[in-house]
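Containing compact mmCIF, C-alpha atoms: structure-v3.txt.
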# COMPACT_ATOMS: atom_id res chain seq x y z
CA MET A 1 0.00 0.00 0.00
CA PRO A 2 2.70 2.60 0.76
CA GLU A 3 4.14 2.25 -2.77
CA THR A 4 0.69 2.64 -4.34
CA ALA A 5 0.00 5.61 -2.11
CA MET A 6 3.14 7.30 -3.37
CA LYS A 7 2.31 6.66 -7.02
CA GLN A 8 -1.23 7.93 -6.85
CA VAL A 9 -2.30 9.99 -3.88
CA SER A 10 -6.01 9.53 -3.47
CA MET A 11 -8.52 10.43 -0.77
CA HIS A 12 -10.70 7.42 -1.58
CA ILE A 13 -10.43 4.43 0.74
CA SER A 14 -10.97 1.21 -1.21
CA GLU A 15 -13.11 -1.83 -0.35
CA GLY A 16 -11.87 -4.31 2.20
CA ILE A 17 -9.58 -1.97 4.13
CA LEU A 18 -11.81 -0.56 6.86
CA SER A 19 -13.08 -2.54 9.83
CA LEU A 20 -16.82 -3.10 10.32
CA PRO A 21 -17.24 -0.65 13.26
CA VAL A 22 -15.52 2.11 11.25
CA ILE A 23 -17.71 1.37 8.19
CA MET A 24 -20.90 1.43 10.29
CA THR A 25 -19.91 4.64 12.12
CA GLY A 26 -19.07 6.25 8.77
CA TYR A 27 -22.46 5.33 7.33
CA ALA A 28 -24.32 6.50 10.45
CA LEU A 29 -22.57 9.90 10.46
CA THR A 30 -23.01 10.31 6.70
CA ALA A 31 -26.70 9.35 6.87
CA ALA A 32 -27.24 11.99 9.56
CA GLY A 33 -25.28 14.59 7.57
CA VAL A 34 -27.07 13.89 4.28
CA GLY A 35 -30.46 13.82 6.05
CA ILE A 36 -29.94 17.22 7.69
CA SER A 37 -28.46 18.59 4.46
CA LEU A 38 -31.49 17.45 2.41
CA LYS A 39 -33.94 18.81 4.96
CA ARG A 40 -32.27 22.23 4.90
CA LEU A 41 -31.79 22.30 1.14
CA LYS A 42 -33.89 25.09 -0.29
CA ASP A 43 -35.43 24.82 -3.77
CA LYS A 44 -33.51 27.83 -5.00
CA ASP A 45 -30.20 26.21 -3.99
CA ILE A 46 -30.73 22.88 -5.76
CA VAL A 47 -29.18 23.94 -9.07
CA LYS A 48 -26.17 25.49 -7.30
CA THR A 49 -25.75 22.30 -5.23
CA ALA A 50 -25.89 20.16 -8.39
CA VAL A 51 -23.32 22.38 -10.11
CA PHE A 52 -20.86 22.12 -7.20
CA SER A 53 -21.50 18.40 -6.91
CA ALA A 54 -20.43 18.19 -10.58
CA VAL A 55 -17.37 20.35 -9.79
CA PHE A 56 -16.36 17.97 -6.99
CA PHE A 57 -17.04 14.96 -9.24
CA ILE A 58 -14.81 16.32 -12.01
CA ALA A 59 -12.06 17.72 -9.71
CA SER A 60 -11.02 14.23 -8.60
CA LEU A 61 -10.48 13.26 -12.22
CA ILE A 62 -7.92 15.99 -12.82
CA HIS A 63 -4.58 14.43 -12.01
CA VAL A 64 -1.53 16.62 -11.58
CA PRO A 65 1.90 14.98 -12.00
CA LEU A 66 3.97 15.64 -8.91
CA GLY A 67 7.38 14.08 -8.29
CA PRO A 68 7.31 10.31 -8.70
CA GLY A 69 3.52 10.11 -8.52
CA ASN A 70 0.49 12.21 -9.23
CA VAL A 71 -2.18 13.89 -7.15
CA HIS A 72 -5.72 14.97 -7.89
CA LEU A 73 -7.68 18.05 -6.91
CA ILE A 74 -10.28 17.68 -4.16
CA LEU A 75 -11.95 21.11 -3.74
CA ASN A 76 -14.15 19.98 -0.84
CA GLY A 77 -13.40 23.26 0.96
CA LEU A 78 -14.73 25.27 -1.98
CA VAL A 79 -17.89 23.13 -2.10
CA GLY A 80 -18.41 23.48 1.66
CA LEU A 81 -17.79 27.24 1.76
CA LEU A 82 -20.21 28.00 -1.07
CA LEU A 83 -22.92 25.49 -0.20
CA GLY A 84 -22.87 25.29 3.58
CA PRO A 85 -24.71 22.22 4.95
CA ALA A 86 -25.93 21.37 1.42
CA GLY A 87 -22.30 20.50 0.67
CA PHE A 88 -22.81 17.19 2.51
CA CYS A 89 -25.42 16.12 -0.02
CA ALA A 90 -23.35 17.40 -2.99
CA ILE A 91 -20.24 15.50 -1.86
CA PHE A 92 -22.21 12.31 -1.17
CA VAL A 93 -23.74 12.27 -4.66
CA ALA A 94 -20.37 12.97 -6.33
CA LEU A 95 -18.57 10.28 -4.33
CA LEU A 96 -21.33 7.75 -4.96
CA LEU A 97 -21.01 8.29 -8.71
CA GLN A 98 -17.21 8.17 -8.59
CA THR A 99 -17.50 4.83 -6.81
CA ILE A 100 -19.97 3.38 -9.30
CA LEU A 101 -18.47 4.78 -12.49
CA PHE A 102 -14.73 4.85 -11.79
CA GLN A 103 -14.33 2.36 -8.95
CA PHE A 104 -12.77 5.14 -6.83
CA GLY A 105 -13.11 3.90 -3.26
CA GLY A 106 -15.86 1.38 -2.67
CA LEU A 107 -19.50 1.11 -1.69
CA THR A 108 -18.66 -0.18 1.80
CA SER A 109 -16.27 2.71 2.43
CA LEU A 110 -18.60 5.33 0.89
CA GLY A 111 -19.94 6.41 4.28
CA VAL A 112 -16.46 7.00 5.72
CA ASN A 113 -15.21 8.63 2.51
CA THR A 114 -18.19 11.02 2.44
CA PHE A 115 -17.77 11.96 6.10
CA ASN A 116 -14.00 12.47 5.67
CA MET A 117 -14.64 14.91 2.80
CA ALA A 118 -17.85 16.62 3.89
CA MET A 119 -17.14 17.25 7.56
CA PRO A 120 -14.03 19.41 6.93
CA ALA A 121 -15.98 21.18 4.17
CA LEU A 122 -18.74 22.03 6.64
CA LEU A 123 -16.20 23.11 9.22
CA CYS A 124 -14.61 25.50 6.71
CA PHE A 125 -18.06 26.97 6.08
CA PHE A 126 -18.50 27.71 9.80
CA LEU A 127 -14.94 29.04 10.07
CA PHE A 128 -14.78 31.26 7.02
CA TYR A 129 -18.26 32.06 5.68
CA LYS A 130 -18.92 34.91 8.12
CA LEU A 131 -15.42 36.29 7.53
CA MET A 132 -16.06 36.22 3.78
CA GLU A 133 -19.49 37.86 4.15
CA ARG A 134 -18.10 40.68 6.31
CA ASN A 135 -14.97 41.08 4.19
CA SER A 136 -12.93 40.71 7.38
CA LEU A 137 -10.12 38.91 5.54
CA PRO A 138 -8.91 39.20 1.94
CA LEU A 139 -10.83 36.74 -0.26
CA ILE A 140 -7.58 35.25 -1.58
CA LEU A 141 -6.50 34.38 1.96
CA ILE A 142 -9.91 32.93 2.83
CA GLY A 143 -9.77 30.82 -0.33
CA PHE A 144 -6.28 29.53 0.38
CA LEU A 145 -7.06 28.72 4.03
CA THR A 146 -10.33 27.00 3.05
CA GLY A 147 -8.58 24.76 0.52
CA PHE A 148 -5.59 24.09 2.76
CA ILE A 149 -7.51 23.37 5.96
CA SER A 150 -10.22 21.26 4.34
CA VAL A 151 -7.69 18.95 2.66
CA SER A 152 -5.56 18.80 5.83
CA LEU A 153 -8.56 17.77 7.92
CA SER A 154 -9.72 15.28 5.29
CA ALA A 155 -6.25 13.71 5.16
CA PHE A 156 -6.22 13.64 8.98
CA LEU A 157 -9.65 11.96 9.15
CA LEU A 158 -8.58 9.49 6.46
CA SER A 159 -5.48 8.60 8.47
CA ILE A 160 -7.57 8.21 11.63
CA SER A 161 -10.06 5.96 9.78
CA LEU A 162 -7.17 3.73 8.67
CA ILE A 163 -5.55 3.59 12.10
CA LEU A 164 -8.92 2.76 13.74
CA SER A 165 -9.26 -0.15 11.29
CA GLY A 166 -5.96 -1.67 12.34
CA GLU A 167 -2.66 -0.69 13.90
CA HIS A 168 -0.82 -2.15 10.89
CA PHE A 169 -2.17 0.76 8.80
CA ALA A 170 -0.33 3.31 10.97
CA ALA A 171 2.66 3.61 8.62
CA SER A 172 0.42 3.94 5.55
CA ALA A 173 -1.77 6.49 7.33
CA LYS A 174 1.25 8.65 8.15
CA LEU A 175 2.56 8.36 4.60
CA ILE A 176 -0.83 9.27 3.11
CA PHE A 177 -1.05 12.35 5.31
CA LEU A 178 2.45 13.49 4.32
CA ALA A 179 1.77 12.77 0.64
CA HIS A 180 -1.22 15.11 0.83
CA ILE A 181 0.80 18.15 1.86
CA PRO A 182 1.30 19.27 -1.78
CA VAL A 183 -2.43 18.70 -2.40
CA MET A 184 -3.25 21.01 0.53
CA VAL A 185 -1.20 23.80 -1.08
CA ILE A 186 -2.52 23.16 -4.62
CA ASP A 187 -6.14 23.02 -3.42
CA GLY A 188 -5.60 26.21 -1.42
CA ILE A 189 -4.29 28.05 -4.48
CA ILE A 190 -7.04 26.75 -6.79
CA THR A 191 -9.78 27.57 -4.25
CA ALA A 192 -8.39 31.12 -3.87
CA ILE A 193 -8.30 31.62 -7.66
CA VAL A 194 -11.84 30.23 -8.13
CA LEU A 195 -13.28 32.42 -5.33
CA ARG A 196 -11.66 35.52 -6.81
CA PHE A 197 -13.00 34.63 -10.25
CA ILE A 198 -16.53 34.03 -8.88
CA LYS A 199 -16.44 37.37 -7.05
CA LYS A 200 -15.60 39.10 -10.31
CA VAL A 201 -18.11 37.41 -12.60
CA LYS A 202 -21.03 36.29 -10.36
CA PRO A 203 -20.64 37.47 -6.75
CA GLU A 204 -24.16 36.32 -5.78
CA ILE A 205 -22.89 32.69 -5.86
CA LEU A 206 -20.77 33.51 -2.81
CA CYS A 207 -23.91 33.97 -0.71
CA VAL A 208 -25.47 30.90 0.87
CA MET B 209 -44.11 25.27 -10.52
CA ARG B 210 -42.55 27.32 -13.34
CA LEU B 211 -39.39 25.29 -12.87
CA LYS B 212 -41.08 21.93 -13.36
CA THR B 213 -40.73 21.70 -17.19
CA PRO B 214 -37.00 22.51 -17.33
CA ILE B 215 -36.41 20.15 -14.41
CA LEU B 216 -38.26 17.33 -16.19
CA LEU B 217 -36.25 18.07 -19.33
CA LEU B 218 -33.03 17.90 -17.32
CA THR B 219 -34.13 14.57 -15.84
CA PHE B 220 -34.74 13.24 -19.36
CA ILE B 221 -31.29 14.39 -20.55
CA GLY B 222 -29.75 12.89 -17.43
CA CYS B 223 -31.45 9.55 -18.09
CA ILE B 224 -30.24 9.46 -21.71
CA LEU B 225 -26.64 10.20 -20.67
CA THR B 226 -26.89 7.56 -17.97
CA VAL B 227 -28.30 4.83 -20.21
CA ASN B 228 -25.58 5.58 -22.75
CA ASN B 229 -23.00 5.22 -20.02
CA TYR B 230 -24.33 1.95 -18.67
CA ALA B 231 -24.25 0.45 -22.15
CA PHE B 232 -20.46 0.75 -21.95
CA ALA B 233 -20.02 0.23 -18.23
CA HIS B 234 -20.04 -3.56 -18.36
CA LYS B 235 -18.36 -4.08 -21.71
CA VAL B 236 -16.34 -7.24 -21.53
CA ASN B 237 -13.02 -7.70 -23.33
CA LEU B 238 -11.08 -10.79 -24.28
CA PHE B 239 -7.43 -11.11 -25.18
CA CYS B 240 -5.80 -14.40 -26.27
CA TYR B 241 -2.45 -15.59 -27.54
CA LEU B 242 -0.86 -18.88 -28.52
CA GLU B 243 2.26 -20.14 -26.80
CA GLY B 244 3.24 -23.11 -28.97
CA SER B 245 0.12 -25.26 -28.83
CA VAL B 246 -1.15 -23.73 -25.58
CA LEU B 247 -3.87 -21.13 -25.82
CA ASN B 248 -3.73 -18.47 -23.11
CA GLY B 249 -6.43 -15.90 -22.56
CA GLU B 250 -7.76 -13.26 -20.24
CA GLY B 251 -11.22 -11.76 -19.92
CA TYR B 252 -11.87 -8.46 -18.21
CA TYR B 253 -14.51 -5.79 -17.88
CA ARG B 254 -13.92 -2.16 -18.66
CA GLY B 255 -11.85 -0.75 -15.82
CA GLY B 256 -9.82 -3.97 -15.54
CA ARG B 257 -12.10 -6.06 -13.31
CA PRO B 258 -11.56 -9.76 -14.23
CA ALA B 259 -14.39 -11.70 -15.87
CA GLN B 260 -14.50 -14.58 -13.39
CA LYS B 261 -15.88 -18.05 -14.19
CA ALA B 262 -16.84 -16.97 -17.69
CA GLU B 263 -17.56 -19.70 -20.21
CA ILE B 264 -14.93 -20.04 -22.96
CA GLU B 265 -15.55 -21.81 -26.27
CA VAL B 266 -12.81 -22.36 -28.83
CA TYR B 267 -13.96 -22.90 -32.43
CA SER B 268 -11.97 -23.86 -35.48
CA LEU B 269 -12.36 -21.16 -38.11
CA SER B 270 -11.90 -23.56 -41.03
CA ASN B 271 -14.94 -25.76 -40.31
CA ASN B 272 -16.58 -23.78 -37.48
CA SER B 273 -16.52 -26.80 -35.16
CA LEU B 274 -16.23 -26.54 -31.40
CA ILE B 275 -12.77 -27.69 -30.34
CA ILE B 276 -12.83 -27.23 -26.61
CA LYS B 277 -14.87 -25.66 -23.82
CA THR B 278 -13.41 -24.23 -20.63
CA ALA B 279 -13.92 -21.37 -18.16
CA THR B 280 -11.90 -18.51 -16.75
CA ASP B 281 -10.51 -18.69 -13.22
CA THR B 282 -10.97 -16.12 -10.44
CA GLU B 283 -8.39 -13.86 -12.11
CA GLY B 284 -10.30 -14.00 -15.40
CA LYS B 285 -7.57 -16.14 -17.02
CA PHE B 286 -7.63 -19.48 -18.78
CA LYS B 287 -5.13 -21.85 -20.38
CA VAL B 288 -5.91 -24.79 -22.68
CA SER B 289 -3.78 -27.12 -24.72
CA LEU B 290 -4.82 -27.42 -28.37
CA ASP B 291 -3.84 -30.39 -30.53
CA VAL B 292 -4.84 -28.92 -33.87
CA VAL B 293 -3.01 -26.25 -35.84
CA ASP B 294 -5.63 -23.93 -37.26
CA SER B 295 -7.15 -20.47 -37.07
CA PHE B 296 -9.33 -20.13 -34.00
CA LYS B 297 -12.30 -18.12 -32.86
CA ILE B 298 -12.56 -17.85 -29.08
CA ILE B 299 -15.90 -16.80 -27.62
CA MET B 300 -16.26 -15.75 -24.01
CA ASN B 301 -19.68 -15.67 -22.38
CA ALA B 302 -19.56 -13.83 -19.06
CA GLY B 303 -23.33 -14.10 -18.53
CA GLN B 304 -26.09 -11.49 -18.73
CA GLY B 305 -25.39 -10.92 -22.40
CA HIS B 306 -21.72 -10.02 -21.87
CA LYS B 307 -19.94 -11.65 -24.78
CA ALA B 308 -16.57 -11.10 -26.39
CA GLU B 309 -14.75 -12.69 -29.31
CA PHE B 310 -11.14 -13.02 -30.25
CA ILE B 311 -9.69 -14.46 -33.44
CA ILE B 312 -6.26 -16.03 -33.76
CA GLU B 313 -5.10 -16.55 -37.32
CA LYS B 314 -3.12 -19.62 -38.20
CA GLU B 315 0.55 -18.78 -38.48
CA LYS B 316 1.56 -18.84 -42.11
CA ASN B 317 5.00 -19.54 -43.46
CA VAL B 318 6.04 -15.95 -43.78
CA LEU B 319 9.49 -16.59 -45.21
CA SER B 320 9.94 -16.77 -48.97
CA GLU B 321 10.23 -20.05 -50.75
CA ASN B 322 13.86 -19.40 -51.51
CA VAL B 323 14.69 -18.82 -47.84
CA GLU B 324 17.24 -21.60 -47.83
CA SER B 325 19.22 -19.89 -50.48
CA LEU B 326 19.25 -16.55 -48.69
CA THR B 327 22.84 -15.57 -48.62
CA ASP B 328 22.52 -11.96 -49.59
CA LYS B 329 22.60 -9.78 -46.46
CA THR B 330 20.03 -7.32 -47.75
CA MET B 331 17.58 -10.05 -48.71
CA LEU B 332 17.97 -11.71 -45.34
CA GLU B 333 17.35 -8.41 -43.63
CA THR B 334 14.22 -7.81 -45.70
CA GLU B 335 12.88 -11.27 -44.88
CA LEU B 336 13.57 -10.79 -41.16
CA ASN B 337 11.87 -7.41 -41.15
CA HIS B 338 8.91 -8.97 -42.90
CA LEU B 339 8.77 -11.75 -40.32
CA ILE B 340 8.97 -9.35 -37.37
CA GLU B 341 6.28 -7.15 -38.89
CA LYS B 342 3.96 -10.15 -39.30
CA LYS B 343 4.56 -11.25 -35.72
CA THR B 344 4.03 -7.84 -34.16
CA LYS B 345 1.02 -6.81 -36.25
CA PRO B 346 -1.61 -8.36 -33.92
CA LEU B 347 0.07 -6.70 -30.93
CA GLU B 348 0.08 -3.30 -32.64
CA GLN B 349 -3.61 -3.73 -33.45
CA ARG B 350 -4.29 -4.66 -29.83
CA ILE B 351 -2.45 -1.59 -28.53
CA ARG B 352 -4.43 0.62 -30.92
CA ASP B 353 -7.70 -0.97 -29.74
CA LEU B 354 -6.75 -0.47 -26.10
CA GLU B 355 -5.77 3.16 -26.71
CA LYS B 356 -9.09 3.74 -28.42
CA GLN B 357 -10.96 2.10 -25.56
CA GLN B 358 -9.03 4.15 -23.01
CA SER B 359 -9.80 7.44 -24.74
CA GLU B 360 -13.47 6.48 -25.06
CA SER B 361 -13.71 5.31 -21.46
CA GLY B 362 -12.53 8.70 -20.21
CA ILE B 363 -15.35 10.68 -21.75
CA VAL B 364 -18.30 8.31 -21.49
CA PRO B 365 -18.43 7.85 -17.68
CA VAL B 366 -17.78 11.56 -17.12
CA ALA B 367 -20.75 12.45 -19.35
CA GLY B 368 -22.78 9.73 -17.63
CA GLY B 369 -21.79 11.04 -14.20
CA LEU B 370 -22.80 14.59 -15.04
CA GLY B 371 -26.07 13.29 -16.44
CA LEU B 372 -26.72 11.34 -13.26
CA ILE B 373 -25.96 14.37 -11.06
CA THR B 374 -28.50 16.36 -13.08
CA GLY B 375 -31.03 13.55 -12.76
CA ILE B 376 -30.49 13.01 -9.03
CA PHE B 377 -30.89 16.70 -8.14
CA ALA B 378 -33.88 17.03 -10.46
CA PHE B 379 -35.40 14.08 -8.59
CA ILE B 380 -34.62 15.73 -5.23
CA TYR B 381 -36.36 18.90 -6.46
CA LEU B 382 -39.45 16.96 -7.51
CA MET B 383 -39.55 15.06 -4.24
CA LYS B 384 -39.21 18.24 -2.20
CA LYS B 385 -42.11 19.77 -4.12
CA LYS B 386 -44.25 16.79 -3.15
CA HIS B 387 -43.27 17.25 0.49
CA ALA B 388 -44.28 20.89 0.26
CA LEU B 389 -47.73 19.88 -0.93

As structure tokens - that is how I would like this structure written.
Amino acid sequence: MPETAMKQVSMHISEGILSLPVIMTGYALTAAGVGISLKRLKDKDIVKTAVFSAVFFIASLIHVPLGPGNVHLILNGLVGLLLGPAGFCAIFVALLLQTILFQFGGLTSLGVNTFNMAMPALLCFFLFYKLMERNSLPLILIGFLTGFISVSLSAFLLSISLILSGEHFAASAKLIFLAHIPVMVIDGIITAIVLRFIKKVKPEILCV
Amino acid sequence: MRLKTPILLLTFIGCILTVNNYAFAHKVNLFCYLEGSVLNGEGYYRGGRPAQKAEIEVYSLSNNSLIIKTATDTEGKFKVSLDVVDSFKIIMNAGQGHKAEFIIEKEKNVLSENVESLTDKTMLETELNHLIEKKTKPLEQRIRDLEKQQSESGIVPVAGGLGLITGIFAFIYLMKKKHAL
């Protein structure tokens, strides 16, 4: 696993890796998150949610060569910041389709994968949305921090999920976290650029 | 309610893109080669998943008779010894209508009749080049097919995925409207 992790850094945990309690906890947390997200999803936000679900779906397919391996964009922070709680639903749909169509991750690990991506996204919304609304911080900085922190937390949760499934995954978990450091920076930069672009061309999208 | 028609239209587009995608999603492939008189083969779905326990039938192309029947193992591979020297058609049936075919042409004597008298260096070189070209032609064709498949497989699931996202959120919209009523 460490060698594979180095060649292709991915946030998707595959089938057969996680233990049953971790899988069940992941599904329970994701079910609660998606349920709340759907309940709070307003009609006027459905199209925006679908668009950002598509953005998240496509972002994972863009692989960037980096050193001996390659990494892919994640953009969960961007989705969370611009959708708020609805981001949970958007990320779940995108991950479900990635699992079915590209065999990224697996159906058993879908709950954990969704939680690992959506929870940091939601946290970034609570951390930065008010700051963005009040213009308390430059948008570029908010964008970078959103991208950086969301990927860091996702990588951290992914490592924890692996360690909870078995002590023998500890080395892989550490390696996966370290391998994601460039992704944190790249995602931060891309999120900052996208936010700046949205503010220029359609600032109303920035409001949840 | 004004939004209902465009939403239904989006659902329809989503369904079309999805159906198109699923038509390709379970495409099964077969690749075979002869190693002396031993026929080796491998069956796999798009994405590389092995076609396990799939039925394999080997037919002679000259008289269309069934030579041998076997099945793939858990890795999607099979190996059979063939007594006859002929051109073969191998058919794999992975169930639920997933079928693939592969044809192996009988190896012809590719060297010229006067091969024994080949003393001229240039002629020998030409004959060798001809022989290598004949041997590598099926492999080149296979690589081209795989490249084509790879380029197709990149676009089709992406389009299907986007179609499904449209469909799923259109469905959520319709369901929420019902709840509102």

Practice task
List the residues sitting within 12 Å of (-3.4, 6.3, 8.1) in the file's frame, using all atoms listed in the file, as JSON, numbers by chain.
Solution key: {"A": [1, 2, 5, 11, 13, 17, 18, 154, 155, 156, 157, 158, 159, 160, 161, 162, 163, 164, 165, 166, 167, 168, 169, 170, 171, 172, 173, 174, 175, 176, 177, 178, 179, 180]}

Keeping only C-alpha atoms, take the residues you just selected and write them out as a CSV table (one decimal), in the frame of the given file.
chain,number,residue,atom,x,y,z
A,1,MET,CA,0.0,0.0,0.0
A,2,PRO,CA,2.7,2.6,0.8
A,5,ALA,CA,0.0,5.6,-2.1
A,11,MET,CA,-8.5,10.4,-0.8
A,13,ILE,CA,-10.4,4.4,0.7
A,17,ILE,CA,-9.6,-2.0,4.1
A,18,LEU,CA,-11.8,-0.6,6.9
A,154,SER,CA,-9.7,15.3,5.3
A,155,ALA,CA,-6.2,13.7,5.2
A,156,PHE,CA,-6.2,13.6,9.0
A,157,LEU,CA,-9.6,12.0,9.2
A,158,LEU,CA,-8.6,9.5,6.5
A,159,SER,CA,-5.5,8.6,8.5
A,160,ILE,CA,-7.6,8.2,11.6
A,161,SER,CA,-10.1,6.0,9.8
A,162,LEU,CA,-7.2,3.7,8.7
A,163,ILE,CA,-5.6,3.6,12.1
A,164,LEU,CA,-8.9,2.8,13.7
A,165,SER,CA,-9.3,-0.2,11.3
A,166,GLY,CA,-6.0,-1.7,12.3
A,167,GLU,CA,-2.7,-0.7,13.9
A,168,HIS,CA,-0.8,-2.2,10.9
A,169,PHE,CA,-2.2,0.8,8.8
A,170,ALA,CA,-0.3,3.3,11.0
A,171,ALA,CA,2.7,3.6,8.6
A,172,SER,CA,0.4,3.9,5.6
A,173,ALA,CA,-1.8,6.5,7.3
A,174,LYS,CA,1.2,8.6,8.2
A,175,LEU,CA,2.6,8.4,4.6
A,176,ILE,CA,-0.8,9.3,3.1
A,177,PHE,CA,-1.0,12.4,5.3
A,178,LEU,CA,2.4,13.5,4.3
A,179,ALA,CA,1.8,12.8,0.6
A,180,HIS,CA,-1.2,15.1,0.8

Exercise for the section: Using all atoms listed in the file, find which residues of chain A lie within 7 Å of chain B and jot them down as a VMD selection string. Expected result: chain A and resid 43 46 50 54 97 101

Practice task
Figure out the distance between atom CA of Leu75 of chain A and atom CA of Leu153 of chain A, please, to one decimal in Å.
Solution key: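 Atom CA of Leu75 of chain A lies at a distance of 12.6 Å from atom CA of Leu153 of chain A.
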
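Interatomic distance, atom CA of Gly143 of chain A against atom CA of Arg196 of chain A: 8.2 Å.
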
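One finds atom CA of Gly84 of chain A at 16.9 Å from atom CA of Leu29 of chain A.
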
Exercise for the section: Might you pull out every residue within 10 Å of Asn76 of chain A, with only C-alpha atoms counted and same-chain residues fewer than 5 positions away left off, and present them as a VMD selection string? Expected result: chain A and resid 52 to 53 55 to 56 59 81 87 to 88 90 to 91 116 to 122 124 146 to 147 150 to 151 154 187 191

Store the residues of this selection in a file with C-alpha atoms, as an mmCIF file, in the coordinates of the input.
data_model
loop_
_atom_site.group_PDB
_atom_site.id
_atom_site.type_symbol
_atom_site.label_atom_id
_atom_site.label_comp_id
_atom_site.auth_asym_id
_atom_site.auth_seq_id
_atom_site.Cartn_x
_atom_site.Cartn_y
_atom_site.Cartn_z
ATOM 1 C CA PHE A 52 -20.860 22.120 -7.200
ATOM 2 C CA SER A 53 -21.500 18.400 -6.910
ATOM 3 C CA VAL A 55 -17.370 20.350 -9.790
ATOM 4 C CA PHE A 56 -16.360 17.970 -6.990
ATOM 5 C CA ALA A 59 -12.060 17.720 -9.710
ATOM 6 C CA LEU A 81 -17.790 27.240 1.760
ATOM 7 C CA GLY A 87 -22.300 20.500 0.670
ATOM 8 C CA PHE A 88 -22.810 17.190 2.510
ATOM 9 C CA ALA A 90 -23.350 17.400 -2.990
ATOM 10 C CA ILE A 91 -20.240 15.500 -1.860
ATOM 11 C CA ASN A 116 -14.000 12.470 5.670
ATOM 12 C CA MET A 117 -14.640 14.910 2.800
ATOM 13 C CA ALA A 118 -17.850 16.620 3.890
ATOM 14 C CA MET A 119 -17.140 17.250 7.560
ATOM 15 C CA PRO A 120 -14.030 19.410 6.930
ATOM 16 C CA ALA A 121 -15.980 21.180 4.170
ATOM 17 C CA LEU A 122 -18.740 22.030 6.640
ATOM 18 C CA CYS A 124 -14.610 25.500 6.710
ATOM 19 C CA THR A 146 -10.330 27.000 3.050
ATOM 20 C CA GLY A 147 -8.580 24.760 0.520
ATOM 21 C CA SER A 150 -10.220 21.260 4.340
ATOM 22 C CA VAL A 151 -7.690 18.950 2.660
ATOM 23 C CA SER A 154 -9.720 15.280 5.290
ATOM 24 C CA ASP A 187 -6.140 23.020 -3.420
ATOM 25 C CA THR A 191 -9.780 27.570 -4.250
#

Exercise for the section: Show which residues sit within 7 Å of Ile312 of chain B, as a list of chain:residue names. Count only C-alpha atoms, and ignore same-chain residues fewer than 6 positions away. Expected result: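 In the requested format, the answer is B:Ser295, B:Phe296, B:Lys297.
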
Practice task
Give the answer as one residue: which of B:Val236, B:Ile275, B:Lys343, B:Asp353 has the shortest atom-to-atom distance to Gly303 of chain B, using all atoms listed in the file?
Solution key: B:Val236

Practice task
Write out as a PyMOL selection string which residues come within 9 Å of Ile276 of chain B when counting only C-alpha atoms, dropping same-chain ones fewer than 2 positions away.
Solution key: chain B and resi 264-267+274+278+288+290

Practice task
Find the residues around Tyr129 of chain A up to 10 Å (all atoms listed in the file counted), leave out those fewer than 5 positions away in its own chain, and share them as a PyMOL selection string.
Solution key: chain A and resi 80-84+123-124+134-135+142+146+206-208

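Proximity of B:His338, B:Lys345, B:Lys277, B:Lys314 to Asn301 of chain B, computed with all atoms listed in the file, is greatest for B:Lys277.
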
Problem - Expected answer as an NGL selection string: all residues with atoms within 12 Å of (-11.5, 35.1, -5.9), all atoms listed in the file - result: :A and (78 or 132 or 138-144 or 188-203 or 205-206)
